[in-house]
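What follows is the content of structure.txt, which has compact mmCIF, C-alpha atoms and all ligand atoms:
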# COMPACT_ATOMS: atom_id res chain seq x y z
CA MET A 1 -28.47 33.31 -2.30
CA SER A 2 -28.90 31.48 1.01
CA TYR A 3 -26.69 28.57 1.99
CA GLU A 4 -29.70 26.24 1.82
CA THR A 5 -30.65 27.30 -1.71
CA ARG A 6 -27.09 27.00 -2.86
CA THR A 7 -26.80 23.56 -1.31
CA ALA A 8 -30.03 22.47 -2.96
CA GLU A 9 -28.77 23.66 -6.33
CA PHE A 10 -25.47 21.90 -5.77
CA LYS A 11 -27.26 18.67 -4.89
CA ALA A 12 -29.48 18.94 -7.98
CA ALA A 13 -26.41 19.46 -10.17
CA ILE A 14 -24.77 16.36 -8.71
CA ASP A 15 -27.92 14.28 -9.13
CA ALA A 16 -27.98 15.36 -12.77
CA GLY A 17 -24.50 13.91 -13.22
CA GLY A 18 -22.54 17.10 -12.56
CA MET A 19 -18.89 17.03 -11.52
CA VAL A 20 -17.24 19.11 -8.84
CA GLU A 21 -13.81 20.72 -9.17
CA ALA A 22 -11.48 21.65 -6.30
CA GLY A 23 -12.08 25.39 -6.71
CA ASP A 24 -15.88 25.13 -7.00
CA TRP A 25 -18.20 26.17 -4.24
CA MET A 26 -19.38 23.14 -2.25
CA PRO A 27 -21.45 22.62 0.89
CA ASP A 28 -19.39 21.99 4.03
CA GLU A 29 -20.88 18.50 4.36
CA TYR A 30 -19.69 17.62 0.88
CA ARG A 31 -16.20 18.94 1.58
CA GLN A 32 -16.00 17.06 4.87
CA ALA A 33 -17.30 13.81 3.42
CA ALA A 34 -14.98 13.98 0.40
CA LEU A 35 -11.96 14.85 2.53
CA ARG A 36 -12.55 12.07 5.03
CA PHE A 37 -13.15 9.50 2.32
CA ILE A 38 -10.14 10.41 0.18
CA GLU A 39 -7.88 10.82 3.21
CA MET A 40 -8.80 7.33 4.38
CA HIS A 41 -8.13 6.02 0.88
CA ALA A 42 -4.70 7.70 0.88
CA ASN A 43 -3.91 6.35 4.37
CA SER A 44 -4.84 2.86 3.20
CA GLU A 45 -2.50 3.03 0.20
CA ILE A 46 0.41 4.09 2.43
CA MET A 47 -0.33 1.53 5.14
CA GLY A 48 -1.28 -1.12 2.57
CA ALA A 49 2.25 -1.02 1.19
CA LEU A 50 3.64 -2.32 4.48
CA PRO A 51 2.29 -5.90 4.63
CA GLU A 52 3.86 -6.60 1.25
CA ARG A 53 6.99 -4.62 1.96
CA GLU A 54 7.61 -7.13 4.75
CA TRP A 55 7.93 -9.81 2.07
CA ILE A 56 10.30 -8.17 -0.40
CA ALA A 57 13.42 -9.72 1.08
CA ARG A 58 11.71 -13.11 1.51
CA ALA A 59 10.04 -13.33 -1.93
CA PRO A 60 10.92 -16.65 -3.57
CA SER A 61 12.79 -15.37 -6.65
CA LEU A 62 14.56 -12.27 -7.91
CA ARG A 63 11.70 -11.52 -10.28
CA ARG A 64 9.14 -11.77 -7.48
CA LYS A 65 11.28 -9.46 -5.34
CA LEU A 66 11.42 -6.94 -8.18
CA SER A 67 7.72 -7.13 -8.95
CA LEU A 68 6.81 -6.81 -5.28
CA THR A 69 9.12 -3.80 -4.93
CA ALA A 70 7.51 -2.20 -7.99
CA LYS A 71 4.07 -2.82 -6.55
CA VAL A 72 4.97 -1.31 -3.17
CA GLN A 73 6.29 1.72 -5.04
CA ASP A 74 2.99 1.99 -6.94
CA GLU A 75 0.96 1.87 -3.71
CA VAL A 76 3.02 4.62 -2.08
CA GLY A 77 2.59 6.60 -5.32
CA HIS A 78 -1.20 6.16 -5.05
CA GLY A 79 -1.00 7.51 -1.53
CA HIS A 80 0.88 10.60 -2.71
CA MET A 81 -1.55 11.32 -5.55
CA LEU A 82 -4.50 10.94 -3.19
CA TYR A 83 -3.04 13.15 -0.45
CA ARG A 84 -2.55 15.79 -3.16
CA VAL A 85 -6.25 15.56 -4.07
CA ALA A 86 -7.28 15.58 -0.41
CA GLU A 87 -5.09 18.62 0.35
CA ASP A 88 -7.19 20.79 -1.94
CA LEU A 89 -10.19 20.05 0.26
CA GLY A 90 -8.61 21.96 3.10
CA LYS A 91 -6.34 19.74 5.22
CA SER A 92 -2.58 19.90 4.79
CA ARG A 93 -0.55 16.85 3.91
CA ASP A 94 1.49 17.32 7.09
CA ALA A 95 -1.67 17.25 9.17
CA MET A 96 -2.91 14.11 7.41
CA ILE A 97 0.38 12.27 7.94
CA ALA A 98 0.54 13.44 11.55
CA ASP A 99 -3.00 12.18 12.22
CA LEU A 100 -2.28 8.87 10.53
CA ILE A 101 0.82 8.08 12.54
CA ALA A 102 -0.83 9.27 15.75
CA GLY A 103 -3.59 6.73 15.08
CA LYS A 104 -6.23 9.48 14.87
CA THR A 105 -7.43 8.66 11.36
CA LYS A 106 -8.39 5.31 9.88
CA PHE A 107 -7.10 2.98 7.22
CA HIS A 108 -8.67 -0.16 5.75
CA ASN A 109 -9.18 -3.11 8.10
CA VAL A 110 -7.24 -5.56 5.91
CA PHE A 111 -3.95 -3.74 6.48
CA HIS A 112 -4.11 -4.34 10.24
CA TYR A 113 -3.36 -8.06 9.80
CA PRO A 114 -0.09 -10.01 9.68
CA THR A 115 1.31 -11.67 6.59
CA VAL A 116 2.34 -15.10 7.82
CA THR A 117 3.46 -16.85 4.63
CA TRP A 118 3.99 -16.21 0.93
CA GLY A 119 0.40 -17.44 0.60
CA ASP A 120 -0.72 -14.23 2.32
CA VAL A 121 1.09 -12.22 -0.33
CA ALA A 122 -0.84 -14.19 -2.96
CA VAL A 123 -4.13 -13.42 -1.19
CA ILE A 124 -3.29 -9.72 -0.94
CA GLY A 125 -2.28 -9.46 -4.59
CA PHE A 126 -5.20 -11.44 -5.96
CA LEU A 127 -8.13 -10.95 -3.60
CA ILE A 128 -7.40 -7.70 -1.77
CA ASP A 129 -6.18 -5.84 -4.83
CA GLY A 130 -9.17 -7.46 -6.55
CA ALA A 131 -11.56 -6.15 -3.89
CA ALA A 132 -9.92 -2.73 -4.10
CA LEU A 133 -10.28 -2.78 -7.87
CA VAL A 134 -14.00 -3.55 -7.61
CA THR A 135 -14.54 -0.59 -5.28
CA GLN A 136 -12.23 1.81 -7.10
CA LYS A 137 -13.71 1.08 -10.52
CA ALA A 138 -17.13 1.98 -9.12
CA LEU A 139 -15.67 5.26 -7.85
CA LEU A 140 -14.81 6.30 -11.41
CA GLU A 141 -18.44 7.46 -11.62
CA CYS A 142 -18.26 9.65 -8.54
CA SER A 143 -18.90 13.39 -8.48
CA TYR A 144 -15.49 14.75 -7.44
CA ALA A 145 -13.55 15.24 -10.67
CA PRO A 146 -9.98 15.55 -9.25
CA TYR A 147 -10.50 12.20 -7.48
CA VAL A 148 -11.78 10.55 -10.67
CA ARG A 149 -8.77 11.74 -12.70
CA VAL A 150 -6.38 10.20 -10.19
CA LEU A 151 -8.48 7.02 -9.91
CA LYS A 152 -8.18 6.41 -13.64
CA ARG A 153 -4.47 6.12 -13.26
CA ILE A 154 -4.72 4.14 -10.03
CA CYS A 155 -7.13 1.63 -11.57
CA ALA A 156 -4.74 0.98 -14.45
CA GLU A 157 -1.98 0.18 -11.96
CA GLU A 158 -4.30 -1.84 -9.73
CA SER A 159 -5.29 -4.07 -12.60
CA LEU A 160 -1.60 -4.79 -13.10
CA HIS A 161 -1.29 -5.63 -9.38
CA GLN A 162 -4.30 -7.87 -9.61
CA ARG A 163 -2.82 -9.70 -12.57
CA HIS A 164 0.49 -10.06 -10.77
CA GLY A 165 -1.43 -11.42 -7.78
CA GLU A 166 -3.26 -13.97 -9.90
CA ASP A 167 0.06 -15.02 -11.41
CA VAL A 168 1.38 -15.78 -7.91
CA VAL A 169 -1.85 -17.62 -7.04
CA LEU A 170 -1.72 -19.78 -10.17
CA GLU A 171 1.89 -20.64 -9.52
CA LEU A 172 1.02 -21.87 -6.02
CA CYS A 173 -2.09 -23.72 -7.18
CA ALA A 174 -0.26 -25.50 -10.02
CA GLY A 175 2.60 -26.34 -7.65
CA SER A 176 3.13 -28.92 -4.92
CA ASP A 177 0.49 -29.97 -2.41
CA ALA A 178 2.30 -27.92 0.22
CA GLN A 179 2.11 -24.83 -1.98
CA ARG A 180 -1.62 -25.30 -2.62
CA GLN A 181 -2.17 -25.81 1.09
CA MET A 182 -0.21 -22.66 1.86
CA PHE A 183 -2.56 -20.65 -0.34
CA GLN A 184 -5.66 -22.40 1.03
CA ASP A 185 -4.59 -21.61 4.59
CA ALA A 186 -4.06 -17.98 3.66
CA VAL A 187 -7.54 -17.77 2.07
CA ASN A 188 -8.98 -19.23 5.27
CA ARG A 189 -7.18 -16.59 7.33
CA TRP A 190 -8.21 -13.69 5.12
CA TRP A 191 -11.77 -14.46 4.11
CA GLU A 192 -13.47 -12.81 7.06
CA PRO A 193 -11.37 -9.60 6.87
CA ILE A 194 -12.14 -9.44 3.12
CA MET A 195 -15.88 -9.72 3.78
CA GLN A 196 -15.48 -6.96 6.37
CA PHE A 197 -13.47 -4.84 3.91
CA PHE A 198 -16.62 -4.00 1.93
CA GLY A 199 -18.30 -2.76 5.10
CA PRO A 200 -21.59 -3.82 6.68
CA PRO A 201 -24.75 -3.85 4.54
CA SER A 202 -25.99 -0.29 4.92
CA LYS A 203 -29.16 1.68 4.32
CA PRO A 204 -28.55 3.64 1.09
CA GLU A 205 -30.82 6.51 2.17
CA ARG A 206 -28.65 7.06 5.23
CA ASP A 207 -25.31 6.89 3.45
CA VAL A 208 -23.88 10.38 3.19
CA LEU A 209 -21.33 9.28 0.56
CA LEU A 210 -24.10 7.98 -1.70
CA HIS A 211 -26.09 11.16 -1.08
CA TRP A 212 -23.28 13.28 -2.55
CA ARG A 213 -22.37 10.68 -5.19
CA LEU A 214 -18.95 10.33 -3.62
CA LYS A 215 -19.82 6.65 -3.89
CA THR A 216 -22.15 5.18 -6.48
CA ARG A 217 -22.66 1.64 -5.20
CA THR A 218 -23.68 0.25 -1.84
CA ASN A 219 -21.33 -1.96 0.17
CA GLU A 220 -23.50 -4.94 -0.65
CA GLN A 221 -23.49 -4.29 -4.42
CA LEU A 222 -19.70 -4.17 -4.37
CA ARG A 223 -19.41 -7.35 -2.32
CA GLN A 224 -21.72 -9.14 -4.77
CA ARG A 225 -19.57 -7.99 -7.70
CA PHE A 226 -16.53 -9.35 -5.89
CA PHE A 227 -18.21 -12.74 -5.42
CA ASP A 228 -19.14 -12.85 -9.13
CA THR A 229 -15.56 -12.43 -10.23
CA TYR A 230 -13.46 -14.15 -7.61
CA VAL A 231 -15.41 -17.01 -6.04
CA PRO A 232 -15.77 -19.06 -9.27
CA LYS A 233 -12.07 -18.51 -9.93
CA LEU A 234 -11.13 -19.88 -6.51
CA TRP A 235 -13.46 -22.85 -6.85
CA ASP A 236 -12.02 -23.70 -10.26
CA LEU A 237 -8.62 -23.92 -8.60
CA GLY A 238 -9.99 -26.30 -5.99
CA ILE A 239 -9.66 -23.63 -3.33
CA SER A 240 -12.55 -23.51 -0.90
CA VAL A 241 -13.90 -20.46 0.85
CA PRO A 242 -14.47 -20.78 4.61
CA ASP A 243 -18.16 -19.93 4.42
CA PRO A 244 -20.42 -22.99 4.06
CA ALA A 245 -23.36 -20.74 3.15
CA LEU A 246 -21.63 -19.17 0.17
CA ALA A 247 -23.51 -20.03 -3.04
CA TYR A 248 -25.22 -18.22 -5.87
CA ASP A 249 -28.98 -18.04 -5.49
CA GLU A 250 -30.30 -18.25 -9.04
CA ALA A 251 -33.82 -17.10 -8.13
CA ALA A 252 -32.67 -14.09 -6.12
CA GLY A 253 -29.94 -13.30 -8.62
CA GLU A 254 -27.38 -12.84 -5.88
CA TRP A 255 -24.99 -14.68 -3.60
CA THR A 256 -25.93 -15.84 -0.14
CA TRP A 257 -23.17 -15.54 2.42
CA THR A 258 -22.54 -15.44 6.15
CA GLN A 259 -22.18 -12.11 7.93
CA PRO A 260 -18.77 -11.80 9.54
CA ASN A 261 -18.31 -10.54 13.06
CA TRP A 262 -18.87 -6.79 12.70
CA ASP A 263 -17.67 -6.07 16.24
CA THR A 264 -14.22 -7.32 15.30
CA PHE A 265 -14.34 -5.12 12.20
CA TRP A 266 -15.06 -1.96 14.20
CA GLN A 267 -12.43 -2.89 16.76
CA VAL A 268 -9.84 -3.34 14.03
CA VAL A 269 -10.54 -0.12 12.11
CA LYS A 270 -10.54 1.82 15.37
CA GLY A 271 -6.93 0.80 15.76
CA ASN A 272 -7.07 -2.45 17.72
CA GLY A 273 -6.02 -4.88 15.01
CA PRO A 274 -3.30 -7.49 15.51
CA MET A 275 -0.69 -5.44 13.60
CA THR A 276 -1.99 -1.89 14.06
CA GLU A 277 0.58 -0.79 16.61
CA THR A 278 3.52 -2.50 14.92
CA ARG A 279 2.80 -0.94 11.55
CA LEU A 280 2.05 2.51 12.93
CA ALA A 281 5.28 2.38 14.95
CA TRP A 282 7.12 1.44 11.78
CA ARG A 283 5.48 4.31 9.90
CA ARG A 284 6.35 6.74 12.72
CA TRP A 285 9.95 5.61 12.70
CA MET A 286 10.21 6.07 8.94
CA HIS A 287 8.62 9.50 9.17
CA GLU A 288 11.21 10.60 11.72
CA ALA A 289 14.17 8.93 10.02
CA HIS A 290 13.32 10.68 6.75
CA GLY A 291 12.77 14.08 8.32
CA TRP A 292 16.03 15.31 6.82
CA VAL A 293 14.57 14.89 3.31
CA ARG A 294 11.70 17.23 4.13
CA GLU A 295 14.15 19.70 5.66
CA ALA A 296 16.40 19.61 2.62
CA MET A 297 13.42 20.15 0.30
CA ALA A 298 12.21 23.11 2.35
CA GLU A 299 15.67 24.71 2.11
CA SER A 300 16.17 24.14 -1.61
CA PRO A 301 17.61 27.17 -3.48
CA ALA A 302 14.89 27.03 -6.14
CA ARG A 303 12.31 27.49 -3.43
CA SER A 304 13.97 30.43 -1.72
CA ALA A 305 14.50 32.11 -5.12
CA ALA A 306 10.81 31.82 -6.03
CA MET B 1 5.46 37.59 -28.69
CA ASP B 2 5.22 34.57 -26.36
CA ARG B 3 4.37 31.07 -27.42
CA TRP B 4 1.68 29.37 -25.33
CA GLU B 5 1.01 25.67 -25.10
CA VAL B 6 -2.71 24.83 -25.12
CA PHE B 7 -4.25 22.01 -23.05
CA GLY B 8 -7.79 20.72 -23.31
CA LYS B 9 -10.16 18.35 -21.56
CA ARG B 10 -12.73 16.32 -23.47
CA THR B 11 -14.68 15.63 -20.29
CA LEU B 12 -14.31 17.14 -16.82
CA ASP B 13 -12.84 13.95 -15.41
CA ASP B 14 -10.15 13.79 -18.12
CA PRO B 15 -6.57 14.81 -17.46
CA TRP B 16 -5.22 17.81 -19.39
CA THR B 17 -4.07 16.87 -22.86
CA SER B 18 -1.81 19.00 -25.01
CA VAL B 19 -3.71 20.04 -28.14
CA GLY B 20 -1.42 22.64 -29.74
CA ALA B 21 0.07 26.11 -29.33
CA VAL B 22 -0.68 29.79 -30.02
CA HIS B 23 1.33 33.00 -30.14
CA ALA B 24 -0.03 35.83 -28.00
CA PRO B 25 1.22 38.87 -26.08
CA ASP B 26 -0.63 38.07 -22.83
CA ARG B 27 -2.79 35.54 -21.01
CA GLU B 28 -6.14 36.96 -22.10
CA MET B 29 -5.18 36.95 -25.78
CA ALA B 30 -3.70 33.48 -25.44
CA LEU B 31 -6.97 32.14 -23.99
CA LEU B 32 -9.00 33.83 -26.70
CA LEU B 33 -6.79 32.57 -29.50
CA ALA B 34 -6.73 29.09 -28.01
CA LYS B 35 -10.51 29.06 -27.86
CA GLU B 36 -10.87 30.22 -31.46
CA SER B 37 -8.14 27.89 -32.72
CA PHE B 38 -8.91 24.62 -30.98
CA PHE B 39 -12.36 24.65 -29.40
CA ARG B 40 -14.79 25.81 -32.03
CA HIS B 41 -16.42 22.41 -32.63
CA GLY B 42 -17.30 21.14 -29.16
CA GLU B 43 -13.85 19.62 -28.69
CA GLY B 44 -14.11 19.68 -24.96
CA VAL B 45 -15.40 21.18 -21.74
CA ASP B 46 -12.39 23.21 -20.61
CA PHE B 47 -8.95 24.33 -21.68
CA ALA B 48 -5.86 26.05 -20.34
CA VAL B 49 -2.78 27.85 -21.61
CA VAL B 50 0.76 27.76 -20.24
CA ARG B 51 3.54 30.07 -21.36
CA LEU B 52 6.19 27.90 -22.98
CA ASP B 53 8.85 29.35 -20.66
CA ASP B 54 6.88 27.96 -17.73
CA LEU B 55 6.78 24.48 -19.18
CA HIS B 56 9.79 22.53 -18.01
CA VAL B 57 10.31 19.62 -20.33
CA PHE B 58 12.34 16.64 -19.11
CA GLY B 59 13.52 15.78 -22.61
CA ARG B 60 15.59 12.73 -21.70
CA SER B 61 13.87 9.74 -23.23
CA ASP B 62 17.03 7.72 -22.52
CA LEU B 63 16.37 8.14 -18.79
CA LEU B 64 12.78 6.93 -19.16
CA ALA B 65 13.78 3.79 -21.03
CA PHE B 66 14.33 0.61 -19.00
CA ALA B 67 18.06 -0.06 -18.58
CA THR B 68 17.32 -3.60 -17.42
CA ASP B 69 14.38 -5.97 -17.90
CA LYS B 70 11.46 -4.30 -16.13
CA THR B 71 8.63 -6.15 -17.82
CA TYR B 72 7.33 -7.02 -14.34
CA ARG B 73 6.05 -3.42 -14.34
CA LEU B 74 3.93 -4.04 -17.44
CA GLN B 75 0.82 -6.02 -18.26
CA ALA B 76 3.00 -7.70 -20.89
CA GLY B 77 5.07 -9.19 -18.08
CA TYR B 78 2.18 -11.46 -17.21
CA THR B 79 1.10 -13.16 -20.40
CA GLY B 80 -0.42 -16.57 -20.92
CA MET B 81 -2.72 -16.20 -17.91
CA GLY B 82 -5.45 -18.21 -19.62
CA ASP B 83 -3.09 -21.17 -20.09
CA LYS B 84 -1.81 -20.95 -16.54
CA ARG B 85 -5.41 -20.87 -15.31
CA ARG B 86 -6.34 -23.94 -17.34
CA ARG B 87 -3.25 -25.83 -16.18
CA ALA B 88 -4.00 -25.12 -12.51
CA THR B 89 -7.65 -26.08 -12.98
CA ALA B 90 -6.71 -29.29 -14.78
CA LYS B 91 -4.55 -30.18 -11.82
CA ALA B 92 -7.37 -29.49 -9.39
CA GLN B 93 -9.75 -31.51 -11.57
CA ALA B 94 -7.36 -34.48 -11.67
CA ALA B 95 -7.27 -34.36 -7.87
CA GLY B 96 -11.08 -34.11 -7.76
CA ALA B 97 -10.72 -30.81 -5.93
CA VAL B 98 -12.70 -28.43 -8.15
CA ILE B 99 -15.65 -27.07 -6.22
CA ASP B 100 -18.87 -27.12 -8.19
CA ARG B 101 -21.30 -25.13 -6.08
CA PRO B 102 -24.12 -22.92 -7.39
CA ARG B 103 -22.64 -20.00 -9.32
CA PRO B 104 -23.85 -17.52 -11.93
CA ALA B 105 -24.63 -19.18 -15.27
CA ASP B 106 -21.89 -17.31 -17.12
CA LYS B 107 -19.25 -18.51 -14.64
CA ARG B 108 -19.30 -22.22 -15.43
CA VAL B 109 -16.48 -24.46 -14.24
CA LEU B 110 -13.53 -23.67 -16.46
CA ASN B 111 -13.45 -26.32 -19.16
CA THR B 112 -9.90 -27.59 -19.49
CA SER B 113 -10.54 -30.35 -22.02
CA HIS B 114 -10.09 -28.03 -24.99
CA ARG B 115 -8.59 -24.59 -25.38
CA ARG B 116 -11.31 -21.99 -25.52
CA ARG B 117 -10.57 -18.30 -25.71
CA GLU B 118 -12.84 -16.71 -23.16
CA ALA B 119 -13.71 -13.05 -22.90
CA ALA B 120 -12.23 -12.95 -19.43
CA ASP B 121 -8.89 -14.30 -20.62
CA ASP B 122 -5.74 -12.19 -20.92
FE FE A 401 -3.11 1.05 -4.70
FE FE A 402 -2.60 -2.35 -5.47

What do you get writing this file as structure tokens?
Ligand SMILES: [Fe+2]
Ligand SMILES: [Fe+2]
Amino acid sequence: MSYETRTAEFKAAIDAGGMVEAGDWMPDEYRQAALRFIEMHANSEIMGALPEREWIARAPSLRRKLSLTAKVQDEVGHGHMLYRVAEDLGKSRDAMIADLIAGKTKFHNVFHYPTVTWGDVAVIGFLIDGAALVTQKALLECSYAPYVRVLKRICAEESLHQRHGEDVVLELCAGSDAQRQMFQDAVNRWWEPIMQFFGPPSKPERDVLLHWRLKTRTNEQLRQRFFDTYVPKLWDLGISVPDPALAYDEAAGEWTWTQPNWDTFWQVVKGNGPMTETRLAWRRWMHEAHGWVREAMAESPARSAA
Amino acid sequence: MDRWEVFGKRTLDDPWTSVGAVHAPDREMALLLAKESFFRHGEGVDFAVVRLDDLHVFGRSDLLAFATDKTYRLQAGYTGMGDKRRRATAKAQAAGAVIDRPRPADKRVLNTSHRRREAADD
């Protein structure tokens, strides 16, 4: 059977709702697209742990320190599970980590920004975990079965993060004026990066991830879902969103909103964000400092006996 | 004769779930017996067998239990969200801060005057 026929059959199977396993035959384009997508997801979990890690020691109570630590541990765990899935698509974990810390591969735009106050931690936990949950839940319907299995577990943990985030938000919003203001300022800082997080409105017919059902929703559908859930919640708390155009258009059945600056977005994901270098340097340092663990594992007696 | 643990998947995107065990002299027989024992009625889309010797069980439930309060790792650590939400909204309402801009019909301003259980709560 020719490559083209095989690819056509593969595509038909996917369109009919078929799932792909790691050992199955797949077209090179599928493998490449899946690898890049899952690798970027894994990178984002690992790098996404850092902004919150910076707040563990400064969290306002012992319980918040513990819950933040647990959350950071979950995120790093997500990274590990996802690298494992990505590895089967043909790139070693070592190579993925090396590319990440060399700045050769990408991670989500929102993790290139500083966390200035505890309000930023509230925004990350509530709105960024919320945005991630919207996108990851949609991925549960994707065609790559090993990814879906891991996502089921990740989504369960993300909904806990999101709840923890809302708990922090509600505490600030029911608190003093200064606390409310701290959260409002953080929302103002983060709104544009969150709009950018979903990506620019794209043409579905030109989206290779949609073509292979590695994604099932367009960027715009996901952003609209996010508005549905989170904007009314913010408004009910008396928290405004720094977009005067943001409102639900009853007739159109969707939200109107203002496009953010997409040039900034591309600059940031290409590695020119305000915290990109700092966080990558931190990640590099940790990678080197923990090299002895990898060495010890490689030398373990169980391994040489096997 | 070896004992084999049998794992099945209801759907392809499910994780492996232990469904039982068979006795068999080799892998082929174990797969056949597993199929005939556990998957005759459309129970799933795939299954696997693992020789019991190759299954390393942790077996220390005491080490999985929480030695200290770790409820912050559980959904149960964050209860009463609906009440907290209403309290924060009531505060915003008292300050005249709630923003009532056009929103989907099913996302009305949270009514704090009486306690309603909403689908979205908790
Ligand atoms: Fe995560
Ligand atoms: Fe998370």

Residues of chain A within 9 Å of chain B, using only C-alpha atoms, as a PDB file with C-alpha atoms, in the coordinates of the input?
ATOM      1  CA  MET A  19     -18.890  17.030 -11.520  1.00  0.00           C
ATOM      2  CA  VAL A  20     -17.240  19.110  -8.840  1.00  0.00           C
ATOM      3  CA  GLU A  21     -13.810  20.720  -9.170  1.00  0.00           C
ATOM      4  CA  ARG A  63      11.700 -11.520 -10.280  1.00  0.00           C
ATOM      5  CA  ARG A  64       9.140 -11.770  -7.480  1.00  0.00           C
ATOM      6  CA  LEU A  66      11.420  -6.940  -8.180  1.00  0.00           C
ATOM      7  CA  SER A  67       7.720  -7.130  -8.950  1.00  0.00           C
ATOM      8  CA  ALA A  70       7.510  -2.200  -7.990  1.00  0.00           C
ATOM      9  CA  LYS A  71       4.070  -2.820  -6.550  1.00  0.00           C
ATOM     10  CA  LEU A 140     -14.810   6.300 -11.410  1.00  0.00           C
ATOM     11  CA  TYR A 144     -15.490  14.750  -7.440  1.00  0.00           C
ATOM     12  CA  ALA A 145     -13.550  15.240 -10.670  1.00  0.00           C
ATOM     13  CA  PRO A 146      -9.980  15.550  -9.250  1.00  0.00           C
ATOM     14  CA  TYR A 147     -10.500  12.200  -7.480  1.00  0.00           C
ATOM     15  CA  VAL A 148     -11.780  10.550 -10.670  1.00  0.00           C
ATOM     16  CA  ARG A 149      -8.770  11.740 -12.700  1.00  0.00           C
ATOM     17  CA  VAL A 150      -6.380  10.200 -10.190  1.00  0.00           C
ATOM     18  CA  LYS A 152      -8.180   6.410 -13.640  1.00  0.00           C
ATOM     19  CA  SER A 159      -5.290  -4.070 -12.600  1.00  0.00           C
ATOM     20  CA  LEU A 160      -1.600  -4.790 -13.100  1.00  0.00           C
ATOM     21  CA  ARG A 163      -2.820  -9.700 -12.570  1.00  0.00           C
ATOM     22  CA  HIS A 164       0.490 -10.060 -10.770  1.00  0.00           C
ATOM     23  CA  GLU A 166      -3.260 -13.970  -9.900  1.00  0.00           C
ATOM     24  CA  ASP A 167       0.060 -15.020 -11.410  1.00  0.00           C
ATOM     25  CA  LEU A 170      -1.720 -19.780 -10.170  1.00  0.00           C
ATOM     26  CA  GLU A 171       1.890 -20.640  -9.520  1.00  0.00           C
ATOM     27  CA  LEU A 172       1.020 -21.870  -6.020  1.00  0.00           C
ATOM     28  CA  CYS A 173      -2.090 -23.720  -7.180  1.00  0.00           C
ATOM     29  CA  ALA A 174      -0.260 -25.500 -10.020  1.00  0.00           C
ATOM     30  CA  GLY A 175       2.600 -26.340  -7.650  1.00  0.00           C
ATOM     31  CA  ASP A 228     -19.140 -12.850  -9.130  1.00  0.00           C
ATOM     32  CA  THR A 229     -15.560 -12.430 -10.230  1.00  0.00           C
ATOM     33  CA  VAL A 231     -15.410 -17.010  -6.040  1.00  0.00           C
ATOM     34  CA  PRO A 232     -15.770 -19.060  -9.270  1.00  0.00           C
ATOM     35  CA  LYS A 233     -12.070 -18.510  -9.930  1.00  0.00           C
ATOM     36  CA  LEU A 234     -11.130 -19.880  -6.510  1.00  0.00           C
ATOM     37  CA  TRP A 235     -13.460 -22.850  -6.850  1.00  0.00           C
ATOM     38  CA  ASP A 236     -12.020 -23.700 -10.260  1.00  0.00           C
ATOM     39  CA  LEU A 237      -8.620 -23.920  -8.600  1.00  0.00           C
ATOM     40  CA  GLY A 238      -9.990 -26.300  -5.990  1.00  0.00           C
ATOM     41  CA  ILE A 239      -9.660 -23.630  -3.330  1.00  0.00           C
ATOM     42  CA  SER A 240     -12.550 -23.510  -0.900  1.00  0.00           C
ATOM     43  CA  LEU A 246     -21.630 -19.170   0.170  1.00  0.00           C
ATOM     44  CA  ALA A 247     -23.510 -20.030  -3.040  1.00  0.00           C
ATOM     45  CA  TYR A 248     -25.220 -18.220  -5.870  1.00  0.00           C
ATOM     46  CA  ASP A 249     -28.980 -18.040  -5.490  1.00  0.00           C
ATOM     47  CA  GLU A 250     -30.300 -18.250  -9.040  1.00  0.00           C
ATOM     48  CA  GLY A 253     -29.940 -13.300  -8.620  1.00  0.00           C
ATOM     49  CA  GLU A 254     -27.380 -12.840  -5.880  1.00  0.00           C
ATOM     50  CA  TRP A 255     -24.990 -14.680  -3.600  1.00  0.00           C
TER      51      TRP A 255
END

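Inspection of the environment of ligand FE 401 (chain A), which uses only C-alpha atoms and all ligand atoms and a cut-off of 6 Å, identifies the neighbouring residues as Glu45, Glu75, His78 and Glu158 of chain A.
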
Writing out the chosen residues with C-alpha atoms as a short mmCIF file (atom, residue, chain, number, x, y, z; two decimals), keeping the file's coordinate frame:
data_model
loop_
_atom_site.label_atom_id
_atom_site.label_comp_id
_atom_site.auth_asym_id
_atom_site.auth_seq_id
_atom_site.Cartn_x
_atom_site.Cartn_y
_atom_site.Cartn_z
CA GLU A 45 -2.50 3.03 0.20
CA GLU A 75 0.96 1.87 -3.71
CA HIS A 78 -1.20 6.16 -5.05
CA GLU A 158 -4.30 -1.84 -9.73
#

- As a check of understanding: the span from CA of Gly273 (chain A) to CA of Thr115 (chain A) is 13.1 Å

- Neighbourhood of ligand FE 402 (chain A) at 10 Å, counting all atoms listed in the file, reported as an MDAnalysis selection string: chainID A and resid 45 48:49 71:76 78 124:126 128:133 154:162 164:165

- Query: If we count all atoms listed in the file, what is near Ala30 (chain B) at a cut-off of 10 Å, once residues fewer than 3 positions away on the same chain are taken out, given as a PyMOL selection string?
  - Reply: chain B and resi 2-6+21-27+33-36+48-51

- Task: Grab the CA of Gly20 (chain B) to CA of Gly59 (chain B) distance for me, in Å with one decimal place.
- Result: 17.9 Å

- Distance CA of Gly90 (chain A)-CA of Trp282 (chain A), one decimal place?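 Separating CA of Gly90 (chain A) from CA of Trp282 (chain A) is a distance of 27.3 Å.
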
- Query: Using all atoms listed in the file, what residues lie at most 12 Å away from (-18.6, 25.6, -3.0) (file coordinates), given as a PyMOL selection string?
  - Reply: chain A and resi 3+6-11+20-32+89

All file atoms of region 83-89 of chain B boxed axis-aligned, 5 Å per side, centre plus edges, as lines of an AutoDock Vina configuration file:
center_x = -4.7
center_y = -23.5
center_z = -16.3
size_x = 15.8
size_y = 15.2
size_z = 17.6
